[in-house]
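Dropping protein_6.txt in here (compact mmCIF, C-alpha atoms):
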```txt
# COMPACT_ATOMS: atom_id res chain seq x y z
CA MET A 1 -28.61 40.49 199.81
CA ALA A 2 -26.36 42.90 198.08
CA ARG A 3 -27.41 41.51 194.72
CA ASN A 4 -31.08 42.14 195.44
CA LYS A 5 -30.42 45.75 196.18
CA ARG A 6 -29.09 46.36 192.71
CA ALA A 7 -31.44 48.48 190.58
CA ILE A 8 -33.28 46.54 187.88
CA PRO A 9 -32.07 47.77 184.50
CA GLU A 10 -34.67 49.58 182.39
CA ILE A 11 -36.09 47.58 179.50
CA ASN A 12 -35.02 49.02 176.22
CA ALA A 13 -38.18 50.18 174.50
CA GLY A 14 -36.42 51.54 171.48
CA SER A 15 -37.61 48.77 169.17
CA MET A 16 -41.18 48.94 170.39
CA ALA A 17 -41.98 51.38 167.60
CA ASP A 18 -40.56 48.96 165.04
CA ILE A 19 -42.75 46.15 166.30
CA ALA A 20 -45.81 48.37 166.28
CA PHE A 21 -45.02 49.56 162.77
CA LEU A 22 -44.68 45.99 161.61
CA LEU A 23 -48.09 45.12 162.99
CA LEU A 24 -49.58 48.27 161.55
CA ILE A 25 -48.27 47.52 158.09
CA PHE A 26 -49.55 43.97 158.34
CA TYR A 27 -53.04 45.25 159.09
CA LEU A 28 -52.85 47.85 156.37
CA VAL A 29 -52.07 45.19 153.81
CA THR A 30 -54.44 42.40 154.85
CA THR A 31 -57.59 44.35 155.60
CA THR A 32 -60.01 46.38 153.57
CA MET A 33 -62.01 49.35 154.56
CA ASP A 34 -64.48 49.56 151.72
CA THR A 35 -67.98 49.87 153.03
CA ASP A 36 -70.35 47.95 150.90
CA LYS A 37 -73.14 49.82 149.28
CA GLY A 38 -75.72 48.91 146.76
CA ILE A 39 -79.35 48.82 145.73
CA ASN A 40 -81.39 46.59 148.01
CA ARG A 41 -84.01 44.47 146.33
CA LYS A 42 -86.21 41.61 147.30
CA LEU A 43 -86.73 38.61 145.07
CA PRO A 44 -90.14 37.00 144.78
CA PRO A 45 -90.53 33.44 146.06
CA ILE A 46 -90.99 30.77 143.44
CA ASP A 47 -94.70 30.13 143.10
CA GLU A 48 -95.70 26.55 143.27
CA LEU A 49 -99.34 27.36 142.87
CA THR A 50 -100.32 27.93 139.30
CA GLU A 51 -103.03 30.30 140.36
CA GLU A 52 -103.80 33.11 137.97
CA PRO A 53 -102.70 36.44 139.39
CA PRO A 54 -105.52 38.94 139.84
CA PRO A 55 -106.02 40.96 136.69
CA ILE A 56 -104.50 44.43 136.65
CA LYS A 57 -105.91 47.10 134.41
CA GLU A 58 -103.66 48.00 131.52
CA ARG A 59 -103.58 51.66 132.57
CA ASN A 60 -102.09 50.72 135.94
CA ILE A 61 -99.09 48.98 134.43
CA PHE A 62 -96.01 50.92 133.44
CA THR A 63 -94.01 48.67 131.18
CA VAL A 64 -90.28 49.12 130.88
CA LEU A 65 -88.46 46.94 128.38
CA VAL A 66 -84.71 46.87 127.95
CA ASN A 67 -83.34 45.14 124.88
CA SER A 68 -79.97 43.53 124.29
CA ASN A 69 -78.57 46.79 122.92
CA ASP A 70 -79.38 48.49 126.23
CA GLN A 71 -82.18 50.52 124.65
CA LEU A 72 -85.30 51.39 126.57
CA LEU A 73 -88.88 50.94 125.46
CA VAL A 74 -91.21 52.54 127.95
CA GLU A 75 -94.97 52.31 127.40
CA ASP A 76 -94.34 51.46 123.71
CA GLU A 77 -92.15 54.48 123.28
CA TYR A 78 -88.41 54.75 122.81
CA LEU A 79 -86.90 56.63 125.74
CA GLU A 80 -83.52 57.80 126.96
CA ILE A 81 -82.45 56.69 130.43
CA SER A 82 -82.37 60.31 131.57
CA GLU A 83 -86.10 60.67 130.84
CA LEU A 84 -87.14 57.51 132.64
CA ARG A 85 -87.32 58.92 136.15
CA ALA A 86 -89.63 61.82 135.24
CA LYS A 87 -91.83 59.52 133.16
CA ALA A 88 -92.16 56.99 135.98
CA MET A 89 -92.92 59.72 138.51
CA GLU A 90 -95.62 61.11 136.21
CA PHE A 91 -97.15 57.66 135.96
CA ILE A 92 -97.14 56.87 139.69
CA ASP A 93 -98.39 60.30 140.67
CA ASN A 94 -101.05 60.48 137.96
CA ASN A 95 -104.08 60.02 140.23
CA GLY A 96 -106.56 59.07 137.51
CA ASP A 97 -109.46 58.21 139.84
CA GLY A 98 -108.88 61.18 142.14
CA SER A 99 -108.65 59.05 145.29
CA CYS A 100 -105.14 60.21 146.13
CA THR A 101 -105.34 63.48 148.03
CA TYR A 102 -101.65 64.26 148.07
CA CYS A 103 -100.88 63.47 144.43
CA LYS A 104 -99.88 66.22 142.06
CA GLY A 105 -100.52 64.26 138.86
CA TYR A 106 -102.43 65.39 135.80
CA GLY A 107 -105.13 62.73 136.04
CA ILE A 108 -104.63 61.48 132.49
CA SER A 109 -107.16 58.79 131.60
CA THR A 110 -104.60 56.41 130.12
CA SER A 111 -102.22 56.55 133.09
CA SER A 112 -102.46 55.04 136.58
CA ASP A 113 -105.50 55.30 138.90
CA ASN A 114 -103.54 56.00 142.09
CA PRO A 115 -100.12 55.18 143.58
CA VAL A 116 -101.47 52.12 145.36
CA LYS A 117 -102.65 50.54 142.12
CA ALA A 118 -99.73 51.65 139.99
CA VAL A 119 -97.31 48.85 139.15
CA ILE A 120 -94.06 49.15 137.30
CA SER A 121 -93.27 46.13 135.19
CA LEU A 122 -89.67 45.66 134.19
CA GLN A 123 -88.48 43.20 131.64
CA ASN A 124 -85.02 42.87 130.22
CA ASP A 125 -83.31 40.71 127.68
CA ARG A 126 -80.69 38.12 128.54
CA GLY A 127 -78.30 40.21 126.48
CA THR A 128 -78.88 43.41 128.46
CA SER A 129 -75.76 44.51 130.28
CA TYR A 130 -75.78 44.44 134.05
CA GLY A 131 -74.69 48.08 134.15
CA MET A 132 -77.78 49.15 132.21
CA TYR A 133 -80.00 46.99 134.38
CA VAL A 134 -78.69 48.62 137.54
CA LYS A 135 -79.17 52.04 135.95
CA VAL A 136 -82.81 51.28 135.17
CA GLN A 137 -83.39 49.84 138.64
CA ASN A 138 -81.75 52.91 140.10
CA GLU A 139 -83.98 55.28 138.13
CA LEU A 140 -87.15 53.42 139.10
CA VAL A 141 -86.19 53.39 142.78
CA ALA A 142 -85.22 57.05 142.47
CA ALA A 143 -88.67 57.87 141.04
CA TYR A 144 -90.30 56.52 144.20
CA GLU A 145 -87.73 58.19 146.43
CA ASP A 146 -88.26 61.54 144.71
CA LEU A 147 -92.02 61.29 145.15
CA ARG A 148 -91.55 60.44 148.81
CA GLU A 149 -89.23 63.39 149.13
CA ILE A 150 -91.89 65.74 147.73
CA TYR A 151 -94.54 64.20 149.94
CA ALA A 152 -92.43 64.54 153.10
CA GLU A 153 -91.61 68.11 152.16
CA ASN A 154 -95.30 68.99 151.82
CA GLU A 155 -96.66 67.05 154.78
CA TYR A 156 -93.90 67.48 157.33
CA GLY A 157 -91.76 70.23 155.85
CA ARG A 158 -88.74 67.99 156.09
CA SER A 159 -86.47 66.16 153.74
CA TYR A 160 -87.22 62.45 153.53
CA ARG A 161 -83.73 61.44 152.52
CA SER A 162 -82.13 63.11 155.52
CA MET A 163 -84.47 61.55 158.08
CA ASP A 164 -83.01 59.39 160.80
CA PRO A 165 -84.16 55.76 160.49
CA GLU A 166 -84.58 55.35 164.23
CA GLU A 167 -85.78 58.75 165.33
CA ASP A 168 -88.30 59.28 162.55
CA GLU A 169 -89.43 55.70 162.20
CA GLU A 170 -93.12 56.58 162.23
CA ILE A 171 -92.81 59.33 159.65
CA ILE A 172 -90.71 57.17 157.36
CA LYS A 173 -93.27 54.41 157.60
CA GLU A 174 -96.04 56.80 156.75
CA VAL A 175 -94.16 58.33 153.82
CA LYS A 176 -93.24 54.89 152.49
CA ASN A 177 -96.86 53.91 152.76
CA ALA A 178 -97.96 56.90 150.70
CA TYR A 179 -95.80 55.72 147.82
CA GLN A 180 -95.29 51.99 148.06
CA GLN A 181 -92.63 50.62 145.80
CA LYS A 182 -94.22 48.27 143.33
CA ILE A 183 -91.68 47.10 140.85
CA SER A 184 -92.36 43.76 139.28
CA GLU A 185 -89.81 41.91 137.24
CA ALA A 186 -90.70 39.51 134.50
CA GLU A 187 -88.54 36.62 133.37
CA PRO A 188 -85.99 37.91 130.90
CA LEU A 189 -86.51 37.50 127.19
CA ASN A 190 -84.00 35.86 124.96
CA ILE A 191 -84.14 37.61 121.64
CA GLY A 192 -80.84 39.30 121.15
CA GLY A 193 -79.01 36.72 123.26
CA MET B 1 -24.63 87.62 172.43
CA ALA B 2 -22.65 85.38 174.64
CA VAL B 3 -25.69 83.28 175.39
CA ILE B 4 -26.40 82.61 171.72
CA LYS B 5 -22.84 81.56 171.08
CA LYS B 6 -23.01 79.12 173.92
CA LYS B 7 -26.11 77.44 172.46
CA LYS B 8 -24.59 77.06 169.03
CA ASP B 9 -21.68 75.20 170.41
CA LYS B 10 -23.78 72.57 172.10
CA ALA B 11 -24.53 69.34 170.18
CA LEU B 12 -28.13 69.02 168.92
CA PRO B 13 -30.12 66.99 171.48
CA ALA B 14 -31.70 63.78 170.17
CA VAL B 15 -35.41 64.02 169.39
CA ASN B 16 -37.39 62.30 172.07
CA THR B 17 -39.03 59.30 170.40
CA SER B 18 -40.40 57.64 173.49
CA ALA B 19 -43.95 58.58 172.47
CA LEU B 20 -43.58 57.11 168.98
CA PRO B 21 -44.71 53.58 169.94
CA ASP B 22 -47.82 55.09 171.52
CA ILE B 23 -48.69 56.93 168.34
CA VAL B 24 -48.10 53.89 166.18
CA PHE B 25 -50.12 51.67 168.49
CA MET B 26 -52.94 54.15 168.34
CA LEU B 27 -52.88 53.98 164.55
CA LEU B 28 -52.70 50.21 164.72
CA PHE B 29 -55.76 49.94 166.94
CA PHE B 30 -57.64 52.33 164.72
CA PHE B 31 -56.98 50.15 161.70
CA MET B 32 -57.77 46.97 163.60
CA VAL B 33 -61.17 48.32 164.55
CA ALA B 34 -62.08 50.15 161.37
CA THR B 35 -61.18 47.51 158.83
CA VAL B 36 -62.14 43.95 158.10
CA MET B 37 -59.98 41.10 156.92
CA ARG B 38 -59.88 40.66 153.23
CA GLU B 39 -61.92 37.56 152.81
CA VAL B 40 -61.43 36.47 149.28
CA ASP B 41 -58.89 36.72 146.60
CA LEU B 42 -60.76 38.09 143.62
CA LYS B 43 -60.35 35.86 140.61
CA VAL B 44 -62.77 37.79 138.41
CA SER B 45 -62.44 41.44 137.53
CA VAL B 46 -65.32 43.40 138.93
CA ASN B 47 -65.95 46.95 137.83
CA LYS B 48 -69.09 47.74 139.77
CA PRO B 49 -71.87 49.79 138.19
CA GLN B 50 -72.75 53.21 139.49
CA ALA B 51 -75.98 54.20 141.19
CA THR B 52 -77.39 57.03 143.24
CA GLU B 53 -80.09 55.27 145.27
CA ILE B 54 -77.73 53.13 147.28
CA GLN B 55 -78.00 51.92 150.81
CA LYS B 56 -75.22 50.89 153.09
CA LEU B 57 -75.01 47.23 153.96
CA GLU B 58 -75.17 46.92 157.72
CA ARG B 59 -73.87 43.93 159.64
CA LYS B 60 -71.16 42.57 157.43
CA SER B 61 -71.33 39.17 159.08
CA LEU B 62 -74.76 38.65 157.55
CA VAL B 63 -73.70 39.48 154.04
CA THR B 64 -72.70 36.80 151.59
CA TYR B 65 -71.02 37.75 148.36
CA ILE B 66 -71.43 36.36 144.89
CA TYR B 67 -68.98 37.65 142.34
CA ALA B 68 -69.50 37.63 138.61
CA GLY B 69 -67.23 38.87 135.87
CA SER B 70 -64.58 37.92 133.36
CA PRO B 71 -61.64 36.00 134.83
CA ARG B 72 -58.63 38.16 135.58
CA GLN B 73 -55.71 38.36 133.19
CA LYS B 74 -53.65 35.65 134.90
CA TYR B 75 -56.51 33.14 134.85
CA GLN B 76 -57.54 33.87 131.29
CA ASP B 77 -55.46 31.21 129.51
CA LYS B 78 -57.05 28.62 131.73
CA PHE B 79 -60.62 29.84 132.01
CA GLY B 80 -61.06 32.08 128.98
CA LYS B 81 -62.78 35.43 128.94
CA THR B 82 -66.41 34.42 129.34
CA PRO B 83 -67.89 35.91 132.50
CA ARG B 84 -67.96 33.45 135.37
CA ILE B 85 -69.22 33.19 138.91
CA GLN B 86 -66.89 33.21 141.87
CA LEU B 87 -67.95 31.90 145.25
CA ASN B 88 -65.50 32.19 148.12
CA ASP B 89 -62.08 31.65 146.62
CA ALA B 90 -62.90 29.59 143.58
CA PHE B 91 -64.65 29.74 140.26
CA ALA B 92 -68.04 28.11 140.44
CA SER B 93 -70.85 27.02 138.19
CA LEU B 94 -74.51 27.83 138.54
CA ASP B 95 -75.20 24.50 140.22
CA ASP B 96 -72.87 25.45 143.06
CA VAL B 97 -74.88 28.51 144.03
CA GLN B 98 -77.65 26.69 145.87
CA PRO B 99 -75.39 24.48 148.04
CA PHE B 100 -73.25 27.55 148.73
CA VAL B 101 -76.21 29.56 150.00
CA ILE B 102 -77.43 26.67 152.14
CA GLN B 103 -73.97 26.15 153.55
CA GLU B 104 -73.63 29.85 154.34
CA ARG B 105 -77.02 29.82 156.01
CA GLU B 106 -75.93 26.95 158.25
CA THR B 107 -73.19 29.12 159.75
CA LYS B 108 -75.69 31.72 160.98
CA THR B 109 -77.90 31.43 164.03
CA GLU B 110 -81.62 30.86 163.74
CA GLU B 111 -82.51 34.51 164.40
CA GLU B 112 -79.98 35.82 161.93
CA ARG B 113 -81.05 33.69 159.00
CA PRO B 114 -83.95 35.84 157.79
CA MET B 115 -81.67 38.86 157.80
CA MET B 116 -79.10 37.27 155.53
CA THR B 117 -78.35 39.36 152.47
CA MET B 118 -76.83 38.15 149.26
CA SER B 119 -74.70 40.81 147.70
CA ILE B 120 -74.21 40.45 143.98
CA LYS B 121 -70.93 41.99 142.98
CA ALA B 122 -70.95 41.85 139.25
CA ASP B 123 -69.08 43.66 136.55
CA LYS B 124 -71.18 46.14 134.65
CA THR B 125 -70.43 44.49 131.32
CA VAL B 126 -71.79 41.11 132.43
CA LYS B 127 -74.90 40.13 130.51
CA MET B 128 -78.16 39.88 132.39
CA GLY B 129 -78.53 36.26 131.33
CA LEU B 130 -75.95 35.20 133.88
CA ILE B 131 -77.35 37.50 136.57
CA SER B 132 -80.89 36.22 135.95
CA ASP B 133 -79.65 32.66 136.30
CA ILE B 134 -77.99 33.53 139.60
CA LYS B 135 -81.18 35.21 140.77
CA LEU B 136 -83.21 32.15 139.90
CA GLU B 137 -80.81 29.93 141.85
CA LEU B 138 -81.08 32.29 144.82
CA ARG B 139 -84.85 32.10 144.67
CA LYS B 140 -84.64 28.32 144.62
CA ALA B 141 -82.41 28.47 147.69
CA GLN B 142 -84.91 30.82 149.32
CA ALA B 143 -82.46 33.66 149.64
CA TYR B 144 -84.71 36.56 148.75
CA LYS B 145 -82.84 39.52 150.17
CA ILE B 146 -80.34 40.69 147.64
CA ASN B 147 -78.23 43.72 147.01
CA TYR B 148 -76.80 44.91 143.72
CA SER B 149 -73.43 46.17 144.82
CA SER B 150 -72.69 49.53 143.21
CA ASN B 151 -70.44 52.50 143.59
CA PRO B 152 -71.98 55.81 144.53
CA ALA B 153 -72.39 58.18 141.60
CA LYS B 154 -71.89 61.90 142.09
CA ASP B 155 -75.28 62.78 140.67
CA ALA B 156 -77.85 61.40 138.30
CA GLN B 157 -76.38 63.33 135.38
CA ALA B 158 -73.04 61.59 135.75
CA LEU B 159 -74.92 58.33 135.68
CA TYR B 160 -76.68 58.96 132.37
CA THR B 161 -73.51 59.80 130.54
CA ALA B 162 -71.42 56.99 132.03
CA ASP B 163 -70.63 54.39 129.43
CA TYR B 164 -69.63 50.83 129.81
```
If you took the structure in this file and wrote it as structure tokens, what would it be?
Amino acid sequence: MARNKRAIPEINAGSMADIAFLLLIFYLVTTTMDTDKGINRKLPPIDELTEEPPPIKERNIFTVLVNSNDQLLVEDEYLEISELRAKAMEFIDNNGDGSCTYCKGYGISTSSDNPVKAVISLQNDRGTSYGMYVKVQNELVAAYEDLREIYAENEYGRSYRSMDPEEDEEIIKEVKNAYQQKISEAEPLNIGG
Amino acid sequence: MAVIKKKKDKALPAVNTSALPDIVFMLLFFFMVATVMREVDLKVSVNKPQATEIQKLERKSLVTYIYAGSPRQKYQDKFGKTPRIQLNDAFASLDDVQPFVIQERETKTEEERPMMTMSIKADKTVKMGLISDIKLELRKAQAYKINYSSNPAKDAQALYTADY
């Protein structure tokens, strides 16, 4: 009885911090925090049908070629990467047939009819560096994004890039529809391989 | 005066550290929640390209990585310097890509499968020949959603002047 009445000694918690530190350091070493980011793309399925694709008018195709020296040939013209975005935007927004009410293009007869018909065709060489390829992809995506930005600014008075994907779902859909991304990739060439 | 003298004489009391474990545990839980386990040991050196139009990859469990780049220094005498593919923890050849994708797909539930994303983490000096081959294999394996992993660039101008 007397033994039971004795006070239970307090557990020494002095080394608790050491244990917690040990665990903390373990987690610091074995885990990573890098959030993955990148350019999202969709690959086309492999066509089993050998059906001819519907013909597209030459004026509606914006050809971008990248050779093995990472040089750009855009619409048969040598171009710097810094000029590509503006050139692509000009092409998409051209509005040659006047059917696009929101376009600000010049309506040049050799450039695209309207954003729906405009297609960007990208072809690279097997010797092109991946860095250059991503740069070109980035510029082409940026061209569409910039046009959408302008469109959203004019139609809704808001910035497209800062819209909330859930809250503004309808608006985003509508803006995306105004400028649909049409980037087609051809099989790479093997010249400078 | 007398009061001050009295204080000086006393021994410095020990700092109370009883709240230290709490603080450390808090940090620990933060790291446990905010980070993910390092999954693979990188055998190839990957210096990701830069881009401005990047999107965040949501749902890490649905992302499968394919690495491409030159083997790291310590593997170079064995594998040379030619860029190679790495899947999981080992070097792989192009023929391994398809089985790898199918195997990865098996681990996901039926509803998750269409949302699976293949993230290509390649070095910026890798030639497009290799990347194109990987892309073709992915198309054969019906993995159409891909992501070119890149680092965010400050602005477009920084991107144009960046060299390889």
Problem set entry | Distance filter 8 Å, all atoms listed in the file, chain B against chain A, as a ChimeraX atom specification | /B:18,20-22,24-25,27-28,31-32,34-38,48-57,122-132,135,139-140,142-152,157,159-160,164
Exercise. Neighbours of Thr63 (chain A) within 12 Å (only C-alpha atoms; same-chain residues fewer than 6 positions away dropped), as JSON, numbers by chain?
Worked result: {"A": [72, 73, 74, 75, 76, 77, 78, 79, 84, 87, 88, 91, 111, 112, 118, 119, 120, 121, 122, 123, 124, 140, 183, 184, 185, 186]}
For this session: Extract, using all atoms listed in the file, all DNA, RNA and protein residues at most 9 Å from Glu149 (chain A), discarding same-chain residues fewer than 6 positions from it, and format them as a VMD selection string.
Result: chain A and resid 158 to 161 175
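CA of Gly107 (chain A) to CA of Gln71 (chain A) spans 28.4 Å [interatomic distance, one decimal].
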Seminar exercise, completed: The distance between CA of Ile102 (chain B) and CA of Ala141 (chain B) is 6.9 Å
